[in-house]
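**Q** The structure is given below, and queries will be raised subsequently.
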Amino acid sequence: MANKKKRDPIPKHFKSIEEAAEFWDSHDLADYWDLTREAHFEVDIQRRVFLTALEPTLAKKLTALAHKQGVSTETLINVWLTEKAKEVA
């Protein structure tokens, strides 16, 4: 006879995503596998990327500055442009 491990019941409803995360952080899905079922759903992830040409010398400077600050060049440029846009708005 197989030795079954006692398990906590899965709550019917979690009050928040944090509550669900806390439950699954402390419980192993493998112990609940017999309660799972196949699910079908669609995900529509849309990410917009805008490409802008930079002068090569400027791009190198920005990359070096970003590296010194420990961020990506994209992050540095987005932060600076956001700050500048707020200044002129």
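Ordered as shown in the structure tokens, chains take letters A, B, and onward, while each chain numbers its residues from 1 and ligands are numbered from 1 in the order shown.
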What's the 12 Å shell around range 6-21 of chain A, counting only C-alpha atoms, without same-chain residues fewer than 4 positions away, as a PyMOL selection string?

**A** chain A and resi 25-33+35-36

**Q** Quick one: everything within 12 Å of Leu76 in chain A, counting only C-alpha atoms, minus sequence neighbours fewer than 4 positions away in the same chain. Send it as a tab-separated table (two decimals) with C-alpha atoms, in the first residue's frame.

**A**
chain	number	residue	atom	x	y	z
A	59	ALA	CA	25.46	55.69	-28.90
A	61	LYS	CA	28.87	57.44	-24.99
A	62	LEU	CA	25.40	56.44	-23.80
A	63	THR	CA	26.41	52.78	-23.61
A	64	ALA	CA	29.47	53.65	-21.53
A	65	LEU	CA	27.43	55.88	-19.18
A	66	ALA	CA	24.76	53.21	-18.77
A	67	HIS	CA	27.41	50.60	-18.00
A	68	LYS	CA	28.92	52.86	-15.30
A	69	GLN	CA	25.46	53.21	-13.72
A	70	GLY	CA	24.80	49.47	-13.93
A	71	VAL	CA	21.76	49.77	-16.20
A	72	SER	CA	21.04	48.95	-19.80
A	80	TRP	CA	16.57	60.58	-19.39
A	81	LEU	CA	13.93	61.12	-22.06
A	82	THR	CA	11.15	60.78	-19.47
A	83	GLU	CA	12.85	63.39	-17.29

**Q** With DSSP run on the backbone, what are the helix (DSSP H, G or I) residues within chain A? I'd like them as a ChimeraX atom specification.

**A** /A:17-25,29-35,56-69,73-88

**Q** Restricted to N, CA and C atoms, what would the selected residues look like written as a short mmCIF file (atom, residue, chain, number, x, y, z; two decimals), in the first residue's frame?

**A**
data_model
loop_
_atom_site.label_atom_id
_atom_site.label_comp_id
_atom_site.auth_asym_id
_atom_site.auth_seq_id
_atom_site.Cartn_x
_atom_site.Cartn_y
_atom_site.Cartn_z
N ILE A 17 -3.20 37.87 -5.16
CA ILE A 17 -2.13 37.13 -5.83
C ILE A 17 -1.02 36.81 -4.83
N GLU A 18 -0.83 37.71 -3.86
CA GLU A 18 0.20 37.48 -2.84
C GLU A 18 -0.15 36.28 -1.97
N GLU A 19 -1.44 36.14 -1.63
CA GLU A 19 -1.88 35.00 -0.83
C GLU A 19 -1.66 33.69 -1.59
N ALA A 20 -1.97 33.69 -2.87
CA ALA A 20 -1.75 32.51 -3.70
C ALA A 20 -0.26 32.19 -3.78
N ALA A 21 0.56 33.23 -3.94
CA ALA A 21 2.01 33.03 -4.03
C ALA A 21 2.55 32.45 -2.72
N GLU A 22 2.06 32.94 -1.59
CA GLU A 22 2.50 32.43 -0.29
C GLU A 22 2.15 30.95 -0.14
N PHE A 23 0.94 30.59 -0.58
CA PHE A 23 0.53 29.19 -0.49
C PHE A 23 1.46 28.31 -1.32
N TRP A 24 1.67 28.68 -2.58
CA TRP A 24 2.47 27.84 -3.47
C TRP A 24 3.96 27.92 -3.17
N ASP A 25 4.40 28.98 -2.50
CA ASP A 25 5.80 29.04 -2.07
C ASP A 25 6.07 28.01 -0.98
N LEU A 29 3.58 21.61 -5.83
CA LEU A 29 2.52 21.25 -6.78
C LEU A 29 2.48 19.75 -7.03
N ALA A 30 3.61 19.09 -6.95
CA ALA A 30 3.65 17.64 -7.17
C ALA A 30 2.74 16.90 -6.18
N ASP A 31 2.56 17.44 -4.99
CA ASP A 31 1.68 16.83 -4.00
C ASP A 31 0.21 16.99 -4.35
N TYR A 32 -0.10 17.88 -5.28
CA TYR A 32 -1.48 18.19 -5.67
C TYR A 32 -1.78 17.83 -7.12
N TRP A 33 -0.84 17.14 -7.77
CA TRP A 33 -0.95 16.89 -9.20
C TRP A 33 -2.25 16.18 -9.57
N ASP A 34 -2.72 15.31 -8.69
CA ASP A 34 -3.95 14.58 -8.98
C ASP A 34 -5.19 15.49 -8.99
N LEU A 35 -5.06 16.69 -8.49
CA LEU A 35 -6.18 17.65 -8.47
C LEU A 35 -6.14 18.62 -9.65
N PRO A 56 26.59 57.29 -34.09
CA PRO A 56 27.43 56.25 -33.50
C PRO A 56 28.24 56.72 -32.28
N THR A 57 28.77 57.93 -32.34
CA THR A 57 29.56 58.44 -31.21
C THR A 57 28.68 58.62 -29.98
N LEU A 58 27.48 59.15 -30.17
CA LEU A 58 26.54 59.33 -29.07
C LEU A 58 26.12 57.98 -28.50
N ALA A 59 25.86 57.02 -29.35
CA ALA A 59 25.46 55.69 -28.90
C ALA A 59 26.55 55.06 -28.03
N LYS A 60 27.80 55.22 -28.42
CA LYS A 60 28.92 54.68 -27.63
C LYS A 60 29.01 55.37 -26.27
N LYS A 61 28.83 56.69 -26.25
CA LYS A 61 28.87 57.44 -24.99
C LYS A 61 27.74 56.99 -24.06
N LEU A 62 26.55 56.86 -24.61
CA LEU A 62 25.40 56.44 -23.80
C LEU A 62 25.59 55.03 -23.25
N THR A 63 26.15 54.14 -24.06
CA THR A 63 26.41 52.78 -23.61
C THR A 63 27.41 52.77 -22.47
N ALA A 64 28.46 53.58 -22.59
CA ALA A 64 29.47 53.65 -21.53
C ALA A 64 28.87 54.23 -20.24
N LEU A 65 28.07 55.29 -20.36
CA LEU A 65 27.43 55.88 -19.18
C LEU A 65 26.46 54.91 -18.52
N ALA A 66 25.70 54.20 -19.31
CA ALA A 66 24.76 53.21 -18.77
C ALA A 66 25.51 52.11 -18.03
N HIS A 67 26.60 51.65 -18.62
CA HIS A 67 27.41 50.60 -18.00
C HIS A 67 27.94 51.06 -16.64
N LYS A 68 28.42 52.31 -16.57
CA LYS A 68 28.92 52.86 -15.30
C LYS A 68 27.82 52.89 -14.23
N GLN A 69 26.58 53.13 -14.66
CA GLN A 69 25.46 53.21 -13.72
C GLN A 69 24.83 51.84 -13.45
N THR A 73 21.51 50.38 -21.67
CA THR A 73 21.47 51.62 -22.44
C THR A 73 20.01 52.03 -22.66
N GLU A 74 19.15 51.07 -22.95
CA GLU A 74 17.73 51.36 -23.16
C GLU A 74 17.11 51.99 -21.91
N THR A 75 17.43 51.47 -20.74
CA THR A 75 16.90 52.02 -19.49
C THR A 75 17.38 53.45 -19.28
N LEU A 76 18.66 53.68 -19.46
CA LEU A 76 19.22 55.01 -19.29
C LEU A 76 18.54 56.02 -20.22
N ILE A 77 18.41 55.67 -21.47
CA ILE A 77 17.80 56.57 -22.44
C ILE A 77 16.34 56.84 -22.08
N ASN A 78 15.60 55.80 -21.70
CA ASN A 78 14.19 55.98 -21.32
C ASN A 78 14.04 56.87 -20.09
N VAL A 79 14.90 56.70 -19.11
CA VAL A 79 14.84 57.54 -17.90
C VAL A 79 15.14 58.99 -18.27
N TRP A 80 16.20 59.21 -19.02
CA TRP A 80 16.57 60.58 -19.39
C TRP A 80 15.50 61.25 -20.24
N LEU A 81 14.96 60.53 -21.21
CA LEU A 81 13.93 61.12 -22.06
C LEU A 81 12.65 61.40 -21.27
N THR A 82 12.31 60.53 -20.33
CA THR A 82 11.15 60.78 -19.47
C THR A 82 11.35 62.04 -18.65
N GLU A 83 12.55 62.19 -18.07
CA GLU A 83 12.85 63.39 -17.29
C GLU A 83 12.77 64.65 -18.15
N LYS A 84 13.33 64.58 -19.34
CA LYS A 84 13.33 65.74 -20.23
C LYS A 84 11.90 66.08 -20.68
N ALA A 85 11.11 65.06 -20.96
CA ALA A 85 9.73 65.30 -21.39
C ALA A 85 8.93 65.98 -20.27
N LYS A 86 9.19 65.60 -19.01
CA LYS A 86 8.50 66.24 -17.90
C LYS A 86 8.92 67.70 -17.75
N GLU A 87 10.19 67.99 -18.01
CA GLU A 87 10.70 69.35 -17.93
C GLU A 87 10.01 70.28 -18.93
N VAL A 88 9.83 69.81 -20.13
CA VAL A 88 9.28 70.66 -21.18
C VAL A 88 7.75 70.66 -21.24
#
